[in-house]
>>> print(open('data16.csv').read())   # CSV, C-alpha atoms
chain,number,residue,atom,x,y,z
A,1,MET,CA,9.0,-7.3,20.9
A,2,VAL,CA,8.1,-6.2,17.4
A,3,SER,CA,11.2,-5.8,15.3
A,4,GLU,CA,9.7,-4.1,12.2
A,5,ILE,CA,6.4,-2.3,11.4
A,6,GLY,CA,4.7,-4.7,8.9
A,7,ASN,CA,3.0,-3.3,5.8
A,8,SER,CA,-0.2,-5.2,6.6
A,9,THR,CA,0.0,-5.1,10.4
A,10,TRP,CA,1.2,-1.5,11.0
A,11,LEU,CA,-1.6,-0.6,13.2
A,12,SER,CA,-1.1,-3.3,15.9
A,13,ASP,CA,2.7,-3.4,15.4
A,14,SER,CA,3.2,0.2,16.1
A,15,ILE,CA,1.1,0.2,19.2
A,16,LEU,CA,2.6,-3.0,20.6
A,17,PHE,CA,6.1,-1.9,19.8
A,18,THR,CA,5.6,1.4,21.6
A,19,ARG,CA,4.1,-0.3,24.6
A,20,ASP,CA,6.9,-2.9,24.8
A,21,VAL,CA,9.7,-0.4,24.4
A,22,LEU,CA,8.2,1.8,27.1
A,23,ARG,CA,7.7,-1.3,29.4
A,24,SER,CA,11.4,-2.0,29.0
A,25,ASN,CA,12.6,1.5,29.6
A,26,ILE,CA,10.2,3.4,31.8
A,27,THR,CA,10.7,2.9,35.6
A,28,ASP,CA,7.6,1.7,37.4
A,29,PRO,CA,7.4,3.8,40.6
A,30,LEU,CA,5.9,0.8,42.4
A,31,ALA,CA,8.2,-1.9,40.9
A,32,ARG,CA,5.4,-4.2,40.2
A,33,THR,CA,6.1,-7.9,39.5
A,34,GLY,CA,4.1,-10.9,38.7
A,35,SER,CA,1.6,-11.7,35.9
A,36,GLY,CA,-1.3,-9.4,35.5
A,37,THR,CA,0.5,-6.5,37.2
A,38,GLN,CA,1.7,-4.5,34.3
A,39,PHE,CA,2.4,-0.8,34.4
A,40,ILE,CA,1.8,0.0,30.8
A,41,TYR,CA,-1.3,-1.0,28.9
A,42,THR,CA,-2.9,-0.5,25.4
A,43,SER,CA,-6.3,0.2,26.7
A,44,TYR,CA,-7.9,2.5,29.3
A,45,PRO,CA,-8.4,1.0,32.8
A,46,VAL,CA,-11.8,-0.4,33.4
A,47,PRO,CA,-12.8,-0.5,37.1
A,48,GLN,CA,-13.8,-3.9,38.3
A,49,SER,CA,-14.9,-4.8,41.8
A,50,ASN,CA,-12.7,-7.9,42.0
A,51,LYS,CA,-9.6,-6.3,40.5
A,52,PRO,CA,-8.8,-2.7,41.6
A,53,ILE,CA,-6.6,-0.6,39.4
A,54,ILE,CA,-3.3,0.3,41.0
A,55,TYR,CA,-2.0,3.7,39.8
A,56,PRO,CA,0.2,5.0,38.4
A,57,ILE,CA,-0.2,3.4,35.0
A,58,ILE,CA,0.5,4.5,31.4
A,59,THR,CA,-1.8,3.7,28.5
A,60,VAL,CA,-0.7,3.7,24.8
A,61,ARG,CA,-3.3,3.9,22.1
A,62,ASP,CA,-3.5,4.9,18.5
A,63,SER,CA,-5.1,8.3,17.9
A,64,ASN,CA,-6.5,8.6,14.4
A,65,PRO,CA,-3.7,7.6,12.1
A,66,THR,CA,-3.8,9.4,8.8
A,67,MET,CA,-2.4,8.9,5.3
A,68,PRO,CA,-1.3,12.4,4.2
A,69,ARG,CA,0.0,11.4,0.7
A,70,ARG,CA,0.9,8.7,-1.7
A,71,LEU,CA,4.5,8.4,-2.8
A,72,GLY,CA,3.8,8.7,-6.5
A,73,MET,CA,1.3,8.2,-9.2
A,74,GLN,CA,2.4,4.7,-10.2
A,75,THR,CA,3.1,3.3,-6.8
A,76,GLU,CA,1.1,1.7,-4.0
A,77,LYS,CA,3.5,3.0,-1.4
A,78,VAL,CA,2.0,5.6,0.9
A,79,VAL,CA,3.1,7.8,3.9
A,80,LEU,CA,1.3,7.1,7.1
A,81,ASP,CA,1.2,9.4,10.1
A,82,LEU,CA,1.1,7.2,13.1
A,83,ASN,CA,-0.5,9.2,15.8
A,84,PHE,CA,-0.3,7.9,19.4
A,85,GLU,CA,-1.9,8.9,22.6
A,86,ILE,CA,0.3,8.1,25.6
A,87,ARG,CA,-1.5,8.9,28.8
A,88,VAL,CA,0.1,9.0,32.2
A,89,TRP,CA,-2.4,8.3,35.0
A,90,ALA,CA,-0.8,9.2,38.3
A,91,ARG,CA,-1.6,9.7,42.0
A,92,ASN,CA,-0.3,13.2,42.2
A,93,GLU,CA,1.1,16.1,40.2
A,94,LYS,CA,4.7,15.3,40.9
A,95,GLU,CA,4.4,11.7,39.8
A,96,LYS,CA,2.4,12.7,36.7
A,97,ASP,CA,5.0,15.2,35.5
A,98,SER,CA,7.9,13.0,36.4
A,99,LEU,CA,6.6,10.0,34.4
A,100,SER,CA,5.5,12.2,31.5
A,101,GLN,CA,9.0,13.7,31.3
A,102,GLU,CA,10.6,10.3,31.5
A,103,VAL,CA,8.4,9.1,28.6
A,104,PHE,CA,9.2,12.1,26.4
A,105,ASN,CA,12.9,12.0,27.2
A,106,PHE,CA,13.0,8.3,26.3
A,107,LEU,CA,11.1,8.6,23.1
A,108,ARG,CA,13.1,11.6,22.0
A,109,THR,CA,16.4,9.8,22.6
A,110,ASN,CA,15.3,6.4,21.2
A,111,GLN,CA,15.1,7.4,17.6
A,112,PHE,CA,18.5,6.3,16.2
A,113,GLY,CA,20.9,3.6,17.0
A,114,THR,CA,21.7,0.0,16.4
A,115,GLY,CA,19.1,-1.7,18.5
A,116,SER,CA,15.3,-1.4,18.8
A,117,GLU,CA,15.3,2.3,18.1
A,118,THR,CA,12.2,3.6,16.3
A,119,ALA,CA,14.0,4.5,13.1
A,120,ASN,CA,15.1,0.8,12.8
A,121,VAL,CA,11.6,-0.5,13.0
A,122,GLY,CA,10.1,2.0,10.5
A,123,MET,CA,8.9,4.8,12.7
A,124,HIS,CA,10.5,8.2,11.7
A,125,ASP,CA,10.2,11.9,12.4
A,126,PHE,CA,9.3,11.8,16.0
A,127,THR,CA,7.0,14.6,17.0
A,128,MET,CA,5.3,15.5,20.2
A,129,THR,CA,2.1,17.3,19.1
A,130,SER,CA,0.4,18.0,22.4
A,131,MET,CA,0.4,17.6,26.1
A,132,VAL,CA,-2.8,18.2,28.0
A,133,ASN,CA,-3.5,18.0,31.7
A,134,VAL,CA,-6.7,16.2,32.7
A,135,ASP,CA,-7.0,16.1,36.5
A,136,GLU,CA,-9.9,14.7,38.4
A,137,PRO,CA,-11.0,16.8,41.3
A,138,GLY,CA,-10.1,16.2,44.9
A,139,GLU,CA,-7.0,15.0,46.6
A,140,GLN,CA,-7.7,11.4,45.7
A,141,GLY,CA,-8.5,12.3,42.1
A,142,ILE,CA,-6.2,10.7,39.5
A,143,LYS,CA,-4.0,13.2,37.7
A,144,SER,CA,-3.5,12.5,34.0
A,145,LYS,CA,-1.3,14.0,31.3
A,146,VAL,CA,-2.5,13.1,27.8
A,147,MET,CA,0.4,13.3,25.4
A,148,GLU,CA,0.1,12.9,21.7
A,149,TYR,CA,3.0,11.8,19.6
A,150,LYS,CA,3.4,11.3,15.9
A,151,TYR,CA,5.7,9.2,13.8
A,152,LEU,CA,5.9,8.8,10.1
A,153,ASN,CA,5.9,5.4,8.4
A,154,ILE,CA,6.5,4.4,4.8
A,155,ASN,CA,3.9,1.7,4.0
A,156,GLY,CA,3.9,-0.6,1.0
B,1,MET,CA,-15.7,23.2,11.7
B,2,VAL,CA,-17.5,24.6,14.7
B,3,SER,CA,-20.7,23.1,13.5
B,4,GLU,CA,-18.9,19.8,13.1
B,5,VAL,CA,-18.0,19.8,16.8
B,6,VAL,CA,-21.5,20.7,17.8
B,7,GLU,CA,-22.9,17.9,15.6
B,8,SER,CA,-20.5,15.5,17.3
B,9,ILE,CA,-21.6,16.6,20.8
B,10,ALA,CA,-25.2,16.2,19.7
B,11,GLY,CA,-24.5,12.6,18.8
B,12,HIS,CA,-24.9,13.0,15.0
B,13,ARG,CA,-21.4,11.8,14.3
B,14,ALA,CA,-19.5,8.7,15.4
B,15,GLU,CA,-19.1,9.8,19.0
B,16,PRO,CA,-21.8,9.2,21.6
B,17,THR,CA,-23.9,12.2,22.5
B,18,SER,CA,-22.8,14.4,25.3
B,19,VAL,CA,-26.1,16.3,25.6
B,20,ASP,CA,-28.1,16.4,28.9
B,21,THR,CA,-28.9,20.0,29.7
B,22,SER,CA,-27.3,21.3,26.4
B,23,ARG,CA,-24.9,23.4,28.5
B,24,PHE,CA,-21.8,21.7,26.9
B,25,LYS,CA,-23.2,21.8,23.4
B,26,ASN,CA,-24.2,25.5,23.7
B,27,SER,CA,-20.8,26.4,25.1
B,28,VAL,CA,-19.1,25.9,21.8
B,29,PRO,CA,-19.6,29.3,20.2
B,30,ILE,CA,-21.2,29.7,16.7
B,31,ASP,CA,-18.2,31.7,15.5
B,32,SER,CA,-14.7,30.4,16.3
B,33,ASP,CA,-12.4,32.6,18.3
B,34,MET,CA,-10.3,34.6,15.8
B,35,THR,CA,-7.6,36.0,18.1
B,36,LYS,CA,-5.2,36.6,15.3
B,37,PRO,CA,-5.4,36.7,11.5
B,38,MET,CA,-5.4,33.1,10.1
B,39,VAL,CA,-5.8,31.6,13.6
B,40,SER,CA,-9.1,30.2,14.7
B,41,ILE,CA,-9.7,28.6,18.1
B,42,ILE,CA,-12.7,26.3,18.7
B,43,LYS,CA,-13.1,25.6,22.4
B,44,SER,CA,-15.5,25.2,25.3
B,45,ASP,CA,-15.1,27.0,28.6
B,46,ILE,CA,-17.1,24.5,30.5
B,47,PRO,CA,-15.0,23.1,33.4
B,48,TYR,CA,-15.9,19.5,32.6
B,49,ALA,CA,-15.4,19.8,28.9
B,50,LYS,CA,-11.9,18.4,29.2
B,51,HIS,CA,-13.2,15.4,31.2
B,52,LEU,CA,-15.7,14.6,28.5
B,53,GLU,CA,-13.1,15.0,25.7
B,54,PHE,CA,-10.3,13.0,27.2
B,55,GLY,CA,-12.2,10.7,29.7
B,56,THR,CA,-11.5,10.0,33.3
B,57,THR,CA,-11.2,6.9,35.5
B,58,ARG,CA,-15.0,6.8,35.5
B,59,ILE,CA,-16.0,7.7,31.9
B,60,SER,CA,-14.8,6.9,28.5
B,61,PRO,CA,-13.4,9.7,26.3
B,62,ARG,CA,-15.8,11.3,23.8
B,63,ARG,CA,-13.2,12.9,21.5
B,64,HIS,CA,-15.7,15.4,20.1
B,65,PHE,CA,-13.0,18.0,19.3
B,66,ARG,CA,-10.2,15.7,18.2
B,67,ASN,CA,-12.2,13.5,16.0
B,68,SER,CA,-14.0,16.5,14.4
B,69,ARG,CA,-10.5,18.0,13.7
B,70,ASP,CA,-9.2,14.8,12.2
B,71,ARG,CA,-12.3,14.1,10.1
B,72,ASN,CA,-12.2,17.6,8.6
B,73,ARG,CA,-8.5,18.2,8.3
B,74,VAL,CA,-8.4,17.7,4.6
B,75,ARG,CA,-11.5,19.8,4.0
B,76,VAL,CA,-10.2,22.7,6.1
B,77,GLN,CA,-6.9,22.5,4.2
B,78,GLU,CA,-8.7,22.7,0.9
B,79,ILE,CA,-10.8,25.7,2.0
B,80,VAL,CA,-7.7,27.5,3.2
B,81,GLN,CA,-5.8,26.7,0.0
B,82,LYS,CA,-8.8,27.8,-2.1
B,83,ASN,CA,-9.1,31.1,-0.3
B,84,ILE,CA,-5.3,31.8,-0.5
B,85,LYS,CA,-5.4,31.2,-4.3
B,86,GLY,CA,-8.2,33.7,-4.5
B,87,LEU,CA,-6.1,36.5,-2.9
>>> encode(input="data16.csv", output="structure tokens")
Amino acid sequence: MVSEIGNSTWLSDSILFTRDVLRSNITDPLARTGSGTQFIYTSYPVPQSNKPIIYPIITVRDSNPTMPRRLGMQTEKVVLDLNFEIRVWARNEKEKDSLSQEVFNFLRTNQFGTGSETANVGMHDFTMTSMVNVDEPGEQGIKSKVMEYKYLNING
Amino acid sequence: MVSEVVESIAGHRAEPTSVDTSRFKNSVPIDSDMTKPMVSIIKSDIPYAKHLEFGTTRISPRRHFRNSRDRNRVRVQEIVQKNIKGL
């Protein structure tokens, strides 16, 4: 697992850290095991005929990170807003809300400590900026909750 | 800002076009919805707008609204600051 958000690798480090910390702490309702059977990914599922997608899954992606300000006129250090989209793709409403709640609860309570908490790796000021339901029609339609989170990183 | 979203839907920005019958493109009103002073809402009431914006298991997300928001965030802030200074 990523132990620190690197100055020159912050984009991948932050996404991989978030994915890995969620993998270690969010309970897979299906308790999947074995290689190639992950529960949390860093890209959207792509349907393939020889490999069906088994829901529920969670996807973690960056969502337009920004640089709101520099940290002074004579410094190259900057502030970065690391925006993430964490999307729960579930089989029903209850599963969708339950997993989303678990994700939020974990991220909120994983900010400070002595281990792999976000403040220790360089991700600060946890904020949940939005939660939007995107449900596909029909009983078999996948129910999604698109959550956007933001952390602040000092880069440089 | 509204025109930025419309341009994005039309395929004139980084996102792929989402125009077929123009129903979605025409559903974003010319004037944003000013429900309160200093609050402007840009939206579409088309039922499938959300599916285009966020994607589904069958289609990739188009992000017309979110990308337009993020591309123009600084410009909107400057416009608001300029107008506040003029008060």
>>> atom_distance(input="data16.csv", atom1="atom CA of A:Met128", atom2="atom CA of A:Lys150")
6.3 Å
>>> closest_residue(input="data16.csv", among="A:Glu117, A:Glu102, A:Glu85, A:Asp13", to="A:Asp28", atoms="all atoms listed in the file")
A:Glu102
>>> closest_residue(input="data16.csv", among="A:Val103, A:Met1, A:Val134, A:Ile40", to="chain B", atoms="only C-alpha atoms")
A:Val134
>>> atom_distance(input="data16.csv", atom1="atom CA of B:Thr57", atom2="atom CA of A:Gly138")
13.3 Å
>>> interface_residues(input="data16.csv", of="chain B", to="chain A", cutoff="12 Å", atoms="only C-alpha atoms", output="list in words")
Pro47, Tyr48, Ala49, Lys50, His51, Leu52, Glu53, Phe54, Gly55, Thr56, Thr57, Arg58, Ile59, Ser60, Pro61, Arg63, Arg66, Asn67, Ser68, Arg69, Asp70, Arg71, Asn72, Arg73, Val74 and Gln77 of chain B
>>> write_last_selection(input="data16.csv", atoms="C-alpha atoms", output="tab-separated table (two decimals), in the frame of the given file")
chain	number	residue	atom	x	y	z
B	47	PRO	CA	-15.00	23.10	33.40
B	48	TYR	CA	-15.90	19.50	32.60
B	49	ALA	CA	-15.40	19.80	28.90
B	50	LYS	CA	-11.90	18.40	29.20
B	51	HIS	CA	-13.20	15.40	31.20
B	52	LEU	CA	-15.70	14.60	28.50
B	53	GLU	CA	-13.10	15.00	25.70
B	54	PHE	CA	-10.30	13.00	27.20
B	55	GLY	CA	-12.20	10.70	29.70
B	56	THR	CA	-11.50	10.00	33.30
B	57	THR	CA	-11.20	6.90	35.50
B	58	ARG	CA	-15.00	6.80	35.50
B	59	ILE	CA	-16.00	7.70	31.90
B	60	SER	CA	-14.80	6.90	28.50
B	61	PRO	CA	-13.40	9.70	26.30
B	63	ARG	CA	-13.20	12.90	21.50
B	66	ARG	CA	-10.20	15.70	18.20
B	67	ASN	CA	-12.20	13.50	16.00
B	68	SER	CA	-14.00	16.50	14.40
B	69	ARG	CA	-10.50	18.00	13.70
B	70	ASP	CA	-9.20	14.80	12.20
B	71	ARG	CA	-12.30	14.10	10.10
B	72	ASN	CA	-12.20	17.60	8.60
B	73	ARG	CA	-8.50	18.20	8.30
B	74	VAL	CA	-8.40	17.70	4.60
B	77	GLN	CA	-6.90	22.50	4.20
>>> closest_residue(input="data16.csv", among="B:Lys82, B:Ile42, B:Arg62, B:Glu4", to="B:Thr17", atoms="only C-alpha atoms")
B:Arg62
>>> atom_distance(input="data16.csv", atom1="atom CA of A:Met67", atom2="atom CA of A:Thr129")
16.8 Å
>>> closest_residue(input="data16.csv", among="A:Pro56, A:Asn110, A:Asp125, A:Arg69", to="A:Pro29", atoms="all atoms listed in the file")
A:Pro56
>>> residues_near_point(input="data16.csv", point="(3.7, 1.7, 37.1)", cutoff="12 Å", atoms="all atoms listed in the file", output="PyMOL selection string")
chain A and resi 22-33+37-41+53-59+88-91+95-96+99
>>> closest_residue(input="data16.csv", among="A:Asn120, A:Gln48, A:Asn83, A:Ser43", to="A:Glu148", atoms="only C-alpha atoms")
A:Asn83
>>> residues_near_point(input="data16.csv", point="(8.2, -1.0, 20.9)", cutoff="8 Å", atoms="only C-alpha atoms", output="count of residues only")
14
>>> closest_residue(input="data16.csv", among="A:Lys94, A:Ile86, A:Asp62, A:Leu71", to="A:Leu107", atoms="only C-alpha atoms")
A:Ile86
>>> residues_around(input="data16.csv", residues="B:Asp45", least_positions_apart="4", cutoff="12 Å", atoms="all atoms listed in the file", output="PDB file with C-alpha atoms, keeping the file's coordinate frame")
ATOM      1  CA  ARG B  23     -24.900  23.400  28.500  1.00  0.00           C
ATOM      2  CA  PHE B  24     -21.800  21.700  26.900  1.00  0.00           C
ATOM      3  CA  LYS B  25     -23.200  21.800  23.400  1.00  0.00           C
ATOM      4  CA  ASN B  26     -24.200  25.500  23.700  1.00  0.00           C
ATOM      5  CA  SER B  27     -20.800  26.400  25.100  1.00  0.00           C
ATOM      6  CA  VAL B  28     -19.100  25.900  21.800  1.00  0.00           C
ATOM      7  CA  PRO B  29     -19.600  29.300  20.200  1.00  0.00           C
ATOM      8  CA  ILE B  41      -9.700  28.600  18.100  1.00  0.00           C
ATOM      9  CA  ALA B  49     -15.400  19.800  28.900  1.00  0.00           C
ATOM     10  CA  LYS B  50     -11.900  18.400  29.200  1.00  0.00           C
TER      11      LYS B  50
END
>>> residues_around(input="data16.csv", residues="B:Ile9", least_positions_apart="3", cutoff="7 Å", atoms="all atoms listed in the file", output="ChimeraX atom specification")
/B:5-6,17-19,25,64
>>> build_atoms(input="data16.csv", residues="stretch 116-131 of chain A", atoms="N, CA and C atoms", output="mmCIF file, in the frame of the given file")
data_model
loop_
_atom_site.group_PDB
_atom_site.id
_atom_site.type_symbol
_atom_site.label_atom_id
_atom_site.label_comp_id
_atom_site.auth_asym_id
_atom_site.auth_seq_id
_atom_site.Cartn_x
_atom_site.Cartn_y
_atom_site.Cartn_z
ATOM 1 N N SER A 116 16.782 -1.437 19.091
ATOM 2 C CA SER A 116 15.300 -1.400 18.800
ATOM 3 C C SER A 116 14.867 0.088 18.787
ATOM 4 N N GLU A 117 15.694 0.949 18.251
ATOM 5 C CA GLU A 117 15.300 2.300 18.100
ATOM 6 C C GLU A 117 14.184 2.468 17.050
ATOM 7 N N THR A 118 13.404 3.517 17.162
ATOM 8 C CA THR A 118 12.200 3.600 16.300
ATOM 9 C C THR A 118 12.559 3.728 14.829
ATOM 10 N N ALA A 119 13.639 4.381 14.472
ATOM 11 C CA ALA A 119 14.000 4.500 13.100
ATOM 12 C C ALA A 119 14.281 3.098 12.474
ATOM 13 N N ASN A 120 14.761 2.186 13.299
ATOM 14 C CA ASN A 120 15.100 0.800 12.800
ATOM 15 C C ASN A 120 13.874 -0.019 12.582
ATOM 16 N N VAL A 121 12.785 0.301 13.224
ATOM 17 C CA VAL A 121 11.600 -0.500 13.000
ATOM 18 C C VAL A 121 10.631 0.147 12.009
ATOM 19 N N GLY A 122 10.970 1.338 11.541
ATOM 20 C CA GLY A 122 10.100 2.000 10.500
ATOM 21 C C GLY A 122 9.303 3.136 11.028
ATOM 22 N N MET A 123 9.654 3.683 12.179
ATOM 23 C CA MET A 123 8.900 4.800 12.700
ATOM 24 C C MET A 123 9.878 6.024 12.717
ATOM 25 N N HIS A 124 9.546 7.038 11.917
ATOM 26 C CA HIS A 124 10.500 8.200 11.700
ATOM 27 C C HIS A 124 9.831 9.475 12.106
ATOM 28 N N ASP A 125 10.673 10.503 12.127
ATOM 29 C CA ASP A 125 10.200 11.900 12.400
ATOM 30 C C ASP A 125 9.403 12.025 13.652
ATOM 31 N N PHE A 126 10.013 11.652 14.741
ATOM 32 C CA PHE A 126 9.300 11.800 16.000
ATOM 33 C C PHE A 126 8.878 13.190 16.287
ATOM 34 N N THR A 127 7.610 13.325 16.683
ATOM 35 C CA THR A 127 7.000 14.600 17.000
ATOM 36 C C THR A 127 6.129 14.524 18.180
ATOM 37 N N MET A 128 6.235 15.458 19.086
ATOM 38 C CA MET A 128 5.300 15.500 20.200
ATOM 39 C C MET A 128 4.281 16.631 19.813
ATOM 40 N N THR A 129 3.037 16.282 19.572
ATOM 41 C CA THR A 129 2.100 17.300 19.100
ATOM 42 C C THR A 129 1.279 17.961 20.143
ATOM 43 N N SER A 130 1.106 17.342 21.311
ATOM 44 C CA SER A 130 0.400 18.000 22.400
ATOM 45 C C SER A 130 0.590 17.342 23.713
ATOM 46 N N MET A 131 0.408 18.117 24.768
ATOM 47 C CA MET A 131 0.400 17.600 26.100
ATOM 48 C C MET A 131 -0.675 18.303 26.894
#
